[in-house]
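final.txt follows (compact mmCIF, C-alpha atoms):
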# COMPACT_ATOMS: atom_id res chain seq x y z
CA MET U 4 -48.93 -49.55 -22.56
CA PRO U 5 -46.77 -49.05 -19.60
CA LYS U 6 -46.35 -45.56 -18.32
CA VAL U 7 -43.06 -43.93 -19.29
CA LYS U 8 -41.32 -43.06 -16.11
CA ILE U 9 -39.07 -40.04 -16.14
CA LYS U 10 -35.81 -40.96 -14.61
CA ARG U 11 -35.06 -38.75 -11.67
CA LYS U 12 -31.63 -37.29 -11.88
CA SER U 13 -29.49 -36.55 -8.90
CA THR U 14 -29.12 -32.89 -8.02
CA ALA U 15 -25.57 -33.30 -6.84
CA ILE U 16 -23.03 -32.00 -9.34
CA ASP U 17 -19.46 -33.02 -9.56
CA MET U 18 -17.57 -30.09 -8.14
CA THR U 19 -14.06 -31.39 -8.43
CA ALA U 20 -13.18 -29.35 -11.49
CA MET U 21 -14.76 -26.21 -10.10
CA CYS U 22 -12.87 -26.64 -6.88
CA ASP U 23 -9.63 -27.10 -8.80
CA VAL U 24 -10.12 -23.90 -10.74
CA ALA U 25 -11.15 -21.96 -7.67
CA PHE U 26 -8.06 -22.95 -5.75
CA LEU U 27 -5.81 -22.32 -8.72
CA LEU U 28 -7.10 -18.77 -8.94
CA LEU U 29 -6.88 -18.38 -5.21
CA THR U 30 -3.24 -19.40 -5.22
CA PHE U 31 -2.55 -16.96 -8.04
CA PHE U 32 -4.13 -14.04 -6.22
CA ILE U 33 -2.44 -14.85 -2.94
CA LEU U 34 0.95 -14.97 -4.62
CA THR U 35 0.50 -11.78 -6.62
CA ALA U 36 -0.90 -9.82 -3.70
CA THR U 37 1.69 -7.63 -2.06
CA ALA U 38 1.67 -7.64 1.67
CA ARG U 39 0.86 -4.22 2.94
CA GLN U 40 3.36 -2.73 5.30
CA PRO U 41 2.10 -0.95 8.36
CA GLU U 42 2.19 2.77 7.81
CA PRO U 43 4.29 4.75 10.23
CA LEU U 44 2.05 7.76 9.93
CA PRO U 45 -1.60 6.88 9.51
CA VAL U 46 -3.38 9.43 7.37
CA ASP U 47 -6.96 9.77 6.29
CA THR U 48 -6.76 10.84 2.66
CA PRO U 49 -9.45 13.10 1.23
CA SER U 50 -11.78 11.72 -1.40
CA SER U 51 -12.17 12.73 -5.01
CA THR U 52 -13.79 11.44 -8.17
CA VAL U 53 -10.50 10.77 -9.91
CA THR U 54 -9.96 7.16 -10.89
CA ILE U 55 -6.41 7.28 -12.21
CA LYS U 56 -4.18 4.79 -10.45
CA LEU U 57 -0.67 5.49 -9.34
CA PRO U 58 2.18 3.85 -11.25
CA ASP U 59 4.15 1.08 -9.57
CA SER U 60 7.70 2.26 -10.01
CA ASP U 61 9.83 5.38 -9.96
CA ILE U 62 7.56 7.08 -7.56
CA SER U 63 8.09 8.79 -4.26
CA MET U 64 5.47 9.28 -1.62
CA LEU U 65 5.51 12.20 0.76
CA THR U 66 3.15 11.52 3.62
CA VAL U 67 1.95 14.64 5.38
CA GLY U 68 0.04 14.55 8.62
CA GLN U 69 0.06 16.11 12.09
CA GLY U 70 2.47 18.73 10.82
CA LYS U 71 5.06 16.06 10.05
CA VAL U 72 6.42 14.83 6.76
CA PHE U 73 7.49 11.27 6.06
CA PHE U 74 9.51 10.30 3.04
CA GLY U 75 9.34 7.11 1.03
CA VAL U 76 10.49 5.87 -2.36
CA VAL U 77 9.31 2.77 -4.18
CA GLY U 78 12.04 0.25 -4.94
CA GLN U 79 14.72 -1.16 -2.67
CA ASP U 80 17.56 -0.35 -5.03
CA VAL U 81 16.57 3.31 -5.20
CA ARG U 82 16.24 3.55 -1.45
CA MET U 83 19.69 2.04 -0.96
CA ARG U 84 21.32 4.37 -3.47
CA ALA U 85 19.53 7.38 -2.01
CA LEU U 86 20.85 6.48 1.42
CA GLU U 87 24.38 6.17 0.08
CA ARG U 88 24.12 9.61 -1.48
CA MET U 89 22.66 11.08 1.69
CA ALA U 90 25.46 9.50 3.72
CA GLU U 91 28.00 11.26 1.53
CA GLU U 92 26.14 14.52 1.86
CA TYR U 93 25.89 14.40 5.64
CA LYS U 94 29.21 12.66 6.28
CA VAL U 95 27.69 9.64 7.94
CA THR U 96 28.84 6.13 7.17
CA PHE U 97 26.54 3.18 7.00
CA THR U 98 27.59 -0.45 6.91
CA GLU U 99 26.34 -2.78 4.18
CA GLU U 100 24.10 -4.43 6.73
CA GLU U 101 22.54 -1.11 7.69
CA LYS U 102 21.96 -0.19 4.06
CA LYS U 103 20.20 -3.48 3.45
CA ARG U 104 18.02 -2.97 6.47
CA PHE U 105 17.18 0.55 5.40
CA ALA U 106 16.20 -0.63 1.92
CA LEU U 107 13.31 -2.53 3.47
CA VAL U 108 11.82 0.52 5.11
CA GLU U 109 9.02 1.87 2.93
CA SER U 110 8.51 5.18 4.62
CA PHE U 111 10.24 6.90 7.48
CA GLY U 112 10.34 10.19 9.30
CA VAL U 113 13.52 10.59 11.29
CA PRO U 114 16.28 13.16 10.88
CA MET U 115 19.67 12.05 9.55
CA ALA U 116 21.22 12.27 13.03
CA ASN U 117 18.90 9.58 14.35
CA LEU U 118 18.78 7.42 11.25
CA LYS U 119 21.44 5.00 12.49
CA GLN U 120 19.50 4.23 15.65
CA PHE U 121 16.30 3.97 13.65
CA ILE U 122 17.81 1.39 11.31
CA ALA U 123 18.98 -0.67 14.27
CA LEU U 124 15.44 -1.06 15.58
CA ASN U 125 13.33 -4.04 14.59
CA GLY U 126 9.91 -3.80 12.96
CA ALA U 127 7.79 -3.76 16.09
CA GLU U 128 9.97 -1.18 17.79
CA ARG U 129 9.80 1.01 14.72
CA ASN U 130 6.03 0.92 14.74
CA ASN U 131 5.92 1.95 18.37
CA LEU U 132 8.43 4.72 17.86
CA ASN U 133 6.92 8.14 17.54
CA GLN U 134 8.86 9.41 14.57
CA PRO U 135 9.34 13.17 14.56
CA GLY U 136 9.18 13.61 10.79
CA ILE U 137 11.88 14.81 8.44
CA PRO U 138 13.20 18.29 9.24
CA MET U 139 12.32 20.82 6.56
CA ASP U 140 13.02 24.23 8.00
CA SER U 141 15.35 26.61 6.27
CA THR U 142 18.36 25.90 8.52
CA ASN U 143 18.17 22.14 8.21
CA ASN U 144 16.26 21.20 5.10
CA GLU U 145 16.79 17.45 4.99
CA LEU U 146 13.60 16.85 3.05
CA HIS U 147 15.04 18.90 0.21
CA GLN U 148 18.16 16.72 0.23
CA TRP U 149 16.22 13.46 0.36
CA ILE U 150 14.10 14.54 -2.60
CA LEU U 151 17.17 15.59 -4.55
CA GLN U 152 19.20 12.45 -3.81
CA ALA U 153 16.27 10.16 -4.53
CA ARG U 154 15.85 11.87 -7.89
CA TYR U 155 19.54 11.36 -8.67
CA ALA U 156 19.34 7.74 -7.55
CA THR U 157 16.35 7.03 -9.78
CA LYS U 158 17.97 8.68 -12.74
CA GLU U 159 21.18 6.69 -12.18
CA LEU U 160 19.56 3.32 -11.71
CA HIS U 161 16.50 3.43 -13.95
CA GLY U 162 17.13 6.39 -16.24
CA GLN U 163 13.71 7.70 -15.30
CA GLU U 164 12.50 10.90 -13.78
CA LEU U 165 11.18 10.33 -10.27
CA ARG U 166 7.56 11.29 -9.79
CA PHE U 167 6.23 12.69 -6.57
CA THR U 168 2.97 12.11 -4.83
CA ILE U 169 1.68 13.84 -1.77
CA LYS U 170 -0.43 11.84 0.61
CA GLY U 171 -1.95 14.32 2.95
CA ASP U 172 -4.33 14.01 5.83
CA SER U 173 -7.79 15.49 5.31
CA ASN U 174 -7.55 17.67 8.38
CA GLU U 175 -4.03 18.84 7.74
CA GLU U 176 -3.82 22.60 7.64
CA TYR U 177 -2.89 24.02 4.29
CA PRO U 178 0.39 25.74 5.34
CA THR U 179 2.13 22.38 5.86
CA ILE U 180 1.11 21.23 2.42
CA ARG U 181 2.26 24.52 0.98
CA LYS U 182 5.65 24.09 2.59
CA VAL U 183 6.09 20.67 0.99
CA VAL U 184 4.90 21.99 -2.36
CA ASP U 185 7.37 24.87 -2.06
CA ILE U 186 10.25 22.46 -1.42
CA LEU U 187 9.27 20.50 -4.51
CA GLN U 188 8.97 23.65 -6.57
CA GLU U 189 12.42 24.78 -5.53
CA GLN U 190 13.67 21.86 -7.59
CA ASN U 191 11.41 22.79 -10.47
CA ILE U 192 8.96 20.00 -9.87
CA ASN U 193 5.70 21.61 -10.86
CA LYS U 194 3.70 18.51 -11.54
CA PHE U 195 2.82 16.03 -8.88
CA SER U 196 -0.03 13.87 -7.77
CA LEU U 197 -2.25 13.98 -4.75
CA VAL U 198 -3.36 10.68 -3.33
CA THR U 199 -7.09 10.46 -2.79
CA THR U 200 -9.70 7.83 -2.12
CA LEU U 201 -12.61 7.30 -4.44
CA GLU U 202 -16.00 8.89 -3.97
CA GLY U 203 -19.17 9.25 -6.00
CA LEU U 204 -20.03 12.24 -8.13
CA ASN U 205 -22.40 13.78 -5.64
CA MET L 8 -25.13 -54.21 21.29
CA ALA L 9 -25.23 -50.55 20.61
CA GLU L 10 -24.41 -50.61 17.03
CA LEU L 11 -25.73 -48.64 14.15
CA ASP L 12 -27.21 -50.65 11.43
CA THR L 13 -25.78 -49.29 8.25
CA SER L 14 -26.74 -52.06 5.99
CA GLY L 15 -29.73 -50.14 4.70
CA GLY L 16 -32.58 -52.20 6.07
CA GLY L 17 -31.87 -55.35 4.23
CA GLY L 18 -33.32 -57.67 6.76
CA GLY L 19 -33.05 -61.40 6.74
CA LYS L 20 -29.48 -61.54 5.68
CA LYS L 21 -28.23 -63.13 8.77
CA GLY L 22 -25.69 -65.79 8.59
CA LYS L 23 -23.90 -64.25 5.67
CA LYS L 24 -20.36 -63.07 5.81
CA VAL L 25 -20.07 -59.59 7.31
CA ARG L 26 -18.65 -57.44 4.63
CA SER L 27 -17.28 -54.01 5.28
CA LYS L 28 -19.44 -51.63 3.32
CA LYS L 29 -17.69 -49.90 0.50
CA MET L 30 -17.90 -46.15 1.09
CA SER L 31 -18.23 -43.76 -1.72
CA THR L 32 -15.09 -41.78 -2.43
CA ARG L 33 -17.09 -38.72 -3.31
CA VAL L 34 -16.84 -35.85 -0.93
CA ASP L 35 -19.24 -32.97 -0.90
CA LEU L 36 -17.16 -30.09 -2.18
CA THR L 37 -19.81 -27.38 -1.98
CA ALA L 38 -18.55 -25.83 1.21
CA MET L 39 -14.96 -25.97 0.03
CA VAL L 40 -15.80 -24.25 -3.26
CA ASP L 41 -17.78 -21.62 -1.39
CA LEU L 42 -14.82 -20.84 0.78
CA ALA L 43 -12.42 -20.79 -2.15
CA PHE L 44 -14.52 -18.30 -4.07
CA LEU L 45 -14.95 -16.12 -1.03
CA LEU L 46 -11.20 -15.92 -0.65
CA ILE L 47 -10.71 -15.28 -4.36
CA THR L 48 -13.11 -12.37 -4.21
CA PHE L 49 -11.32 -10.98 -1.20
CA PHE L 50 -7.87 -11.18 -2.77
CA MET L 51 -9.05 -9.83 -6.10
CA LEU L 52 -10.63 -6.78 -4.51
CA THR L 53 -7.77 -6.03 -2.18
CA THR L 54 -5.11 -6.26 -4.86
CA THR L 55 -6.86 -3.87 -7.22
CA LEU L 56 -8.15 -1.50 -4.58
CA ALA L 57 -4.89 -1.27 -2.70
CA LYS L 58 -3.47 0.92 -5.42
CA PRO L 59 -4.26 4.47 -4.45
CA GLN L 60 -5.93 6.90 -6.79
CA ALA L 61 -3.97 9.97 -7.65
CA MET L 62 -5.05 13.37 -8.74
CA ASP L 63 -2.60 15.26 -10.88
CA MET L 64 -1.87 18.78 -9.89
CA PHE L 65 0.06 21.46 -11.67
CA MET L 66 1.63 24.44 -10.05
CA PRO L 67 2.63 27.56 -11.95
CA ASP L 68 6.30 27.83 -12.78
CA LYS L 69 8.25 29.65 -10.11
CA ASP L 70 10.82 31.08 -12.48
CA LYS L 71 11.81 34.63 -11.80
CA ASP L 72 11.59 35.81 -15.38
CA GLN L 73 7.96 35.53 -16.28
CA THR L 74 8.17 36.49 -19.89
CA ASP L 75 5.89 33.88 -21.31
CA GLU L 76 3.04 34.73 -19.03
CA LEU L 77 -0.25 35.09 -20.80
CA PRO L 78 -2.36 38.03 -19.77
CA VAL L 79 -5.85 36.98 -18.80
CA LYS L 80 -8.72 39.36 -18.95
CA ALA L 81 -9.99 40.16 -15.46
CA SER L 82 -13.57 39.46 -16.49
CA ARG L 83 -12.64 35.88 -17.20
CA THR L 84 -11.22 35.20 -13.78
CA MET L 85 -12.98 33.90 -10.75
CA THR L 86 -11.08 34.17 -7.48
CA VAL L 87 -11.92 31.53 -4.94
CA LEU L 88 -10.81 32.06 -1.36
CA LEU L 89 -10.76 29.10 0.97
CA GLY L 90 -11.60 29.93 4.53
CA SER L 91 -12.00 28.07 7.78
CA ASP L 92 -14.93 25.77 8.63
CA ASN L 93 -15.34 24.58 5.00
CA LYS L 94 -16.39 28.04 3.85
CA ILE L 95 -15.64 29.51 0.46
CA VAL L 96 -15.82 33.09 -0.70
CA TRP L 97 -15.64 33.84 -4.39
CA TYR L 98 -15.89 36.83 -6.64
CA MET L 99 -15.60 37.48 -10.35
CA GLY L 100 -13.01 39.72 -11.90
CA VAL L 101 -11.25 42.40 -9.90
CA MET L 102 -12.00 42.58 -6.22
CA GLY L 103 -14.65 45.10 -5.36
CA SER L 104 -16.11 45.23 -8.87
CA THR L 105 -18.53 42.41 -8.16
CA ALA L 106 -20.22 41.34 -4.98
CA PRO L 107 -18.51 38.46 -3.25
CA THR L 108 -20.49 35.30 -2.62
CA VAL L 109 -20.15 32.98 0.34
CA ASP L 110 -20.59 29.42 -0.81
CA ASN L 111 -20.30 25.91 0.46
CA PHE L 112 -19.13 22.63 -1.01
CA GLY L 113 -21.44 20.32 -2.83
CA LYS L 114 -23.47 19.90 -5.95
CA SER L 115 -25.60 23.01 -5.64
CA GLY L 116 -22.85 25.07 -4.03
CA ILE L 117 -19.54 25.85 -5.62
CA ARG L 118 -19.95 23.35 -8.46
CA GLN L 119 -23.03 25.13 -9.76
CA ALA L 120 -21.20 28.44 -9.44
CA PHE L 121 -18.32 27.09 -11.52
CA ILE L 122 -20.64 25.75 -14.20
CA ASP L 123 -22.71 28.95 -14.37
CA ASN L 124 -19.71 31.25 -14.46
CA ASN L 125 -18.00 29.14 -17.07
CA LYS L 126 -21.07 29.37 -19.29
CA LYS L 127 -21.29 33.12 -18.80
CA VAL L 128 -17.65 33.66 -19.67
CA LEU L 129 -17.91 31.44 -22.73
CA ALA L 130 -20.94 33.38 -23.93
CA GLN L 131 -19.08 36.62 -23.33
CA THR L 132 -15.89 35.74 -25.17
CA GLY L 133 -17.56 33.62 -27.83
CA ASP L 134 -14.39 31.59 -28.07
CA PRO L 135 -14.57 27.98 -26.86
CA LYS L 136 -10.91 28.13 -25.92
CA LYS L 137 -11.38 31.07 -23.61
CA GLY L 138 -13.35 29.75 -20.71
CA LEU L 139 -13.29 30.53 -17.06
CA MET L 140 -9.99 30.92 -15.26
CA VAL L 141 -10.19 30.02 -11.60
CA ILE L 142 -7.67 31.51 -9.20
CA LEU L 143 -7.52 29.38 -6.11
CA LYS L 144 -6.31 31.04 -2.93
CA PRO L 145 -6.21 28.82 0.12
CA THR L 146 -5.71 30.70 3.37
CA ASP L 147 -3.65 29.43 6.28
CA LYS L 148 -6.80 28.36 8.06
CA SER L 149 -8.09 26.13 5.30
CA ASN L 150 -7.42 22.43 5.39
CA TYR L 151 -6.11 20.02 2.82
CA LYS L 152 -9.45 18.29 2.32
CA ASN L 153 -11.11 21.53 1.15
CA PHE L 154 -8.23 22.13 -1.21
CA VAL L 155 -8.54 18.70 -2.81
CA ASP L 156 -12.33 18.97 -2.92
CA LEU L 157 -12.09 22.24 -4.76
CA LEU L 158 -9.63 20.86 -7.32
CA ASP L 159 -12.07 18.03 -7.81
CA GLU L 160 -15.02 20.38 -8.29
CA ILE L 161 -13.01 22.32 -10.86
CA LYS L 162 -12.45 19.10 -12.74
CA ILE L 163 -16.08 18.02 -12.51
CA ALA L 164 -17.40 21.39 -13.63
CA GLY L 165 -15.09 21.29 -16.64
CA VAL L 166 -13.36 24.57 -15.93
CA PRO L 167 -10.57 24.73 -18.52
CA SER L 168 -7.86 26.42 -16.48
CA TYR L 169 -6.99 27.12 -12.91
CA GLY L 170 -4.10 28.47 -10.92
CA ILE L 171 -3.07 28.19 -7.32
CA VAL L 172 -1.88 31.39 -5.75
CA ASN L 173 -0.48 31.44 -2.26
CA LYS L 174 -0.25 35.19 -1.90
CA ILE L 175 -3.39 36.58 -0.37
CA GLU L 176 -3.97 40.30 -0.21
CA PRO L 177 -4.90 41.85 3.16
CA GLU L 178 -8.09 43.20 1.61
CA GLU L 179 -9.11 39.70 0.73
CA LEU L 180 -8.52 38.53 4.27
CA ASN L 181 -10.63 41.42 5.54
CA LEU L 182 -13.34 40.53 3.10
CA MET L 183 -13.38 36.97 4.34
CA LYS L 184 -13.58 38.08 7.96
CA GLU L 185 -16.47 40.36 7.08
CA GLN L 186 -18.29 37.46 5.51
CA GLY L 187 -17.59 35.27 8.51
CA ALA L 188 -15.61 32.78 6.47
CA LEU L 189 -12.39 33.19 8.37
CA LYS L 190 -11.81 32.73 12.06
CA ASP L 191 -8.73 33.74 13.93
Translate the structure of the given file into structure tokens.
Amino acid sequence: MPKVKIKRKSTAIDMTAMCDVAFLLLTFFILTATARQPEPLPVDTPSSTVTIKLPDSDISMLTVGQGKVFFGVVGQDVRMRALERMAEEYKVTFTEEEKKRFALVESFGVPMANLKQFIALNGAERNNLNQPGIPMDSTNNELHQWILQARYATKELHGQELRFTIKGDSNEEYPTIRKVVDILQEQNINKFSLVTTLEGLN
Amino acid sequence: MAELDTSGGGGGKKGKKVRSKKMSTRVDLTAMVDLAFLLITFFMLTTTLAKPQAMDMFMPDKDKDQTDELPVKASRTMTVLLGSDNKIVWYMGVMGSTAPTVDNFGKSGIRQAFIDNNKKVLAQTGDPKKGLMVILKPTDKSNYKNFVDLLDEIKIAGVPSYGIVNKIEPEELNLMKEQGALKD
């Protein structure tokens, strides 16, 4: 009897289908990923064990660091409307072009008086600019106005209550945070979120 | 001539028509798939991790008329003072009635103190709803990280209620200086 020879199979697998799927998924993730804008005020957020994620819309972020406060709202429409309301409040007029440009700014920290010049700058110039933060002392409390107008704008456009988050730097001294919290509390906002990074339980 | 013989060693075939060898259309996709999956992993992780975590925080109502304020028994309260250089001073009940403790952050530090005190208070009141009440007082010298860490510890230790008070009595500041937890 002749010996039965086991047929040796090739180890190469057809990878065409796998490659197709991989690239399909890759395309999906690239398209859904949102490009991250450079932050005007880099902060090192403290860590906590909380794992609740922030919502995507109707949210405002107050970035606190180096004694300065930067203001930002999610959503271009809200930002535009907030600017219009602020313009009325401070008797400044902005052109349509300027409003559109402002709507693209995610977070900023310049007083109303310099806002026009700030809008005129392009992206690279804005990043290089050392923004002084939004004034929040008792004589010129622009932060209070921004918060108020952004709340009105959100209510008008989305019918939702705007939520506030504070993104503070780890080494920021507590008095600055307290000041921001006080401004929020003046408008009866007693619930807000603190942005943190994740850490283990130990 | 310098030519590579690709005919696969089939000698003695001279004189035949030279045929261009048919190449296989199969390409090795292994490297390409590797790269694709690497990129997928990268994009997946960045899209989900880019969303920041948020810790909810509640401040007491600032209304002038505090009619609906619930009185809390002093023995149930634990006052935590945040000092400079990551130092904490805490005492139970009314100041002066119990010895203050200087503590630090971490598992065996303030977290253990929260857990122990919460147990004690629960045993004392015998009511599961009436646990420890932490009064958090951050001084001007404390930093934001300590503040967030403490809120986190409160959550981990399962302390049912806490309050943030910004008014610090001069005696408390003196106490902290005595304990070396506050620098000018």
Worksheet item: Which residues come within 6 Å of stretch 47-54 of chain L, counting only C-alpha atoms, excluding same-chain residues fewer than 6 positions away, as JSON, numbers by chain?
Response: {"U": [29, 32, 36]}
Could you write out as a tab-separated table (two decimals) with C-alpha atoms, in the frame of the given file the residues of chain U within 8 Å of chain L, counting all atoms listed in the file?
chain	number	residue	atom	x	y	z
U	18	MET	CA	-17.57	-30.09	-8.14
U	19	THR	CA	-14.06	-31.39	-8.43
U	21	MET	CA	-14.76	-26.21	-10.10
U	22	CYS	CA	-12.87	-26.64	-6.88
U	25	ALA	CA	-11.15	-21.96	-7.67
U	26	PHE	CA	-8.06	-22.95	-5.75
U	28	LEU	CA	-7.10	-18.77	-8.94
U	29	LEU	CA	-6.88	-18.38	-5.21
U	32	PHE	CA	-4.13	-14.04	-6.22
U	33	ILE	CA	-2.44	-14.85	-2.94
U	36	ALA	CA	-0.90	-9.82	-3.70
U	37	THR	CA	1.69	-7.63	-2.06
U	48	THR	CA	-6.76	10.84	2.66
U	49	PRO	CA	-9.45	13.10	1.23
U	50	SER	CA	-11.78	11.72	-1.40
U	51	SER	CA	-12.17	12.73	-5.01
U	52	THR	CA	-13.79	11.44	-8.17
U	53	VAL	CA	-10.50	10.77	-9.91
U	54	THR	CA	-9.96	7.16	-10.89
U	55	ILE	CA	-6.41	7.28	-12.21
U	56	LYS	CA	-4.18	4.79	-10.45
U	57	LEU	CA	-0.67	5.49	-9.34
U	168	THR	CA	2.97	12.11	-4.83
U	171	GLY	CA	-1.95	14.32	2.95
U	172	ASP	CA	-4.33	14.01	5.83
U	173	SER	CA	-7.79	15.49	5.31
U	174	ASN	CA	-7.55	17.67	8.38
U	175	GLU	CA	-4.03	18.84	7.74
U	176	GLU	CA	-3.82	22.60	7.64
U	177	TYR	CA	-2.89	24.02	4.29
U	178	PRO	CA	0.39	25.74	5.34
U	180	ILE	CA	1.11	21.23	2.42
U	188	GLN	CA	8.97	23.65	-6.57
U	189	GLU	CA	12.42	24.78	-5.53
U	191	ASN	CA	11.41	22.79	-10.47
U	193	ASN	CA	5.70	21.61	-10.86
U	194	LYS	CA	3.70	18.51	-11.54
U	195	PHE	CA	2.82	16.03	-8.88
U	196	SER	CA	-0.03	13.87	-7.77
U	197	LEU	CA	-2.25	13.98	-4.75
U	198	VAL	CA	-3.36	10.68	-3.33
U	199	THR	CA	-7.09	10.46	-2.79
U	200	THR	CA	-9.70	7.83	-2.12
U	201	LEU	CA	-12.61	7.30	-4.44
U	205	ASN	CA	-22.40	13.78	-5.64
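Using all atoms listed in the file, the smallest distance between any of U:Val183, U:Leu132, U:Val95, U:Leu160 and U:Pro43 comes from U:Leu132.
Across the model, the gap from atom CA of L:Arg118 to atom CA of L:Ile142 is 14.8 Å.
Across the structure, atom CA of U:Met115 and atom CA of U:Val72 are spaced 13.8 Å apart.
Note that the spacing between atom CA of U:Asp17 and atom CA of L:Lys28 amounts to 22.6 Å.
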Discussion item. Show me, as a ChimeraX atom specification, the residues that have an atom within 7 Å of L:Gly100 when counting all atoms listed in the file, minus same-chain residues fewer than 5 positions from it.
Written reply: /L:81-85
Item to complete: Using all atoms listed in the file, determine which residues lie at most 12 Å from L:Gln131, disregarding the query and same-chain residues fewer than 5 positions distant; provide the list as a VMD selection string.
Response: chain L and resid 80 82 to 83 124 to 126 137 to 139
With C-alpha atoms retained, export the selected residues as a PDB file, keeping the file's coordinate frame.
ATOM      1  CA  LYS L  80      -8.720  39.360 -18.950  1.00  0.00           C
ATOM      2  CA  SER L  82     -13.570  39.460 -16.490  1.00  0.00           C
ATOM      3  CA  ARG L  83     -12.640  35.880 -17.200  1.00  0.00           C
ATOM      4  CA  ASN L 124     -19.710  31.250 -14.460  1.00  0.00           C
ATOM      5  CA  ASN L 125     -18.000  29.140 -17.070  1.00  0.00           C
ATOM      6  CA  LYS L 126     -21.070  29.370 -19.290  1.00  0.00           C
ATOM      7  CA  LYS L 137     -11.380  31.070 -23.610  1.00  0.00           C
ATOM      8  CA  GLY L 138     -13.350  29.750 -20.710  1.00  0.00           C
ATOM      9  CA  LEU L 139     -13.290  30.530 -17.060  1.00  0.00           C
TER      10      LEU L 139
END
Worksheet item: Which is closer to L:Val172 than all the others in U:Arg181, U:Ser13, U:Pro5, U:Phe73, using only C-alpha atoms?
Response: U:Arg181
How would stretch 121-137 of chain L look with N, CA and C atoms restored, written as an mmCIF file, keeping the file's coordinate frame?
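Resulting contents of part-v2.cif:
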data_model
loop_
_atom_site.group_PDB
_atom_site.id
_atom_site.type_symbol
_atom_site.label_atom_id
_atom_site.label_comp_id
_atom_site.auth_asym_id
_atom_site.auth_seq_id
_atom_site.Cartn_x
_atom_site.Cartn_y
_atom_site.Cartn_z
ATOM 1 N N PHE L 121 -19.344 27.294 -10.490
ATOM 2 C CA PHE L 121 -18.320 27.090 -11.520
ATOM 3 C C PHE L 121 -18.963 26.908 -12.889
ATOM 4 N N ILE L 122 -19.992 26.053 -12.925
ATOM 5 C CA ILE L 122 -20.640 25.750 -14.200
ATOM 6 C C ILE L 122 -21.289 27.012 -14.772
ATOM 7 N N ASP L 123 -22.013 27.746 -13.916
ATOM 8 C CA ASP L 123 -22.710 28.950 -14.370
ATOM 9 C C ASP L 123 -21.727 29.993 -14.886
ATOM 10 N N ASN L 124 -20.683 30.231 -14.075
ATOM 11 C CA ASN L 124 -19.710 31.250 -14.460
ATOM 12 C C ASN L 124 -18.967 30.878 -15.738
ATOM 13 N N ASN L 125 -18.682 29.592 -15.866
ATOM 14 C CA ASN L 125 -18.000 29.140 -17.070
ATOM 15 C C ASN L 125 -18.852 29.396 -18.300
ATOM 16 N N LYS L 126 -20.153 29.137 -18.169
ATOM 17 C CA LYS L 126 -21.070 29.370 -19.290
ATOM 18 C C LYS L 126 -21.124 30.850 -19.637
ATOM 19 N N LYS L 127 -21.205 31.666 -18.594
ATOM 20 C CA LYS L 127 -21.290 33.120 -18.800
ATOM 21 C C LYS L 127 -20.053 33.622 -19.541
ATOM 22 N N VAL L 128 -18.907 33.187 -19.060
ATOM 23 C CA VAL L 128 -17.650 33.660 -19.670
ATOM 24 C C VAL L 128 -17.562 33.194 -21.117
ATOM 25 N N LEU L 129 -17.963 31.958 -21.369
ATOM 26 C CA LEU L 129 -17.910 31.440 -22.730
ATOM 27 C C LEU L 129 -18.832 32.232 -23.646
ATOM 28 N N ALA L 130 -19.989 32.602 -23.126
ATOM 29 C CA ALA L 130 -20.940 33.380 -23.930
ATOM 30 C C ALA L 130 -20.365 34.770 -24.194
ATOM 31 N N GLN L 131 -19.654 35.288 -23.211
ATOM 32 C CA GLN L 131 -19.080 36.620 -23.330
ATOM 33 C C GLN L 131 -17.966 36.670 -24.371
ATOM 34 N N THR L 132 -17.038 35.714 -24.264
ATOM 35 C CA THR L 132 -15.890 35.740 -25.170
ATOM 36 C C THR L 132 -16.251 35.165 -26.532
ATOM 37 N N GLY L 133 -17.178 34.238 -26.571
ATOM 38 C CA GLY L 133 -17.560 33.620 -27.830
ATOM 39 C C GLY L 133 -16.486 32.725 -28.409
ATOM 40 N N ASP L 134 -15.489 32.438 -27.621
ATOM 41 C CA ASP L 134 -14.390 31.590 -28.070
ATOM 42 C C ASP L 134 -14.351 30.355 -27.172
ATOM 43 N N PRO L 135 -14.544 29.175 -27.721
ATOM 44 C CA PRO L 135 -14.570 27.980 -26.860
ATOM 45 C C PRO L 135 -13.267 27.721 -26.127
ATOM 46 N N LYS L 136 -12.184 28.343 -26.599
ATOM 47 C CA LYS L 136 -10.910 28.130 -25.920
ATOM 48 C C LYS L 136 -10.750 29.033 -24.711
ATOM 49 N N LYS L 137 -11.526 30.106 -24.699
ATOM 50 C CA LYS L 137 -11.380 31.070 -23.610
ATOM 51 C C LYS L 137 -12.511 30.920 -22.616
#
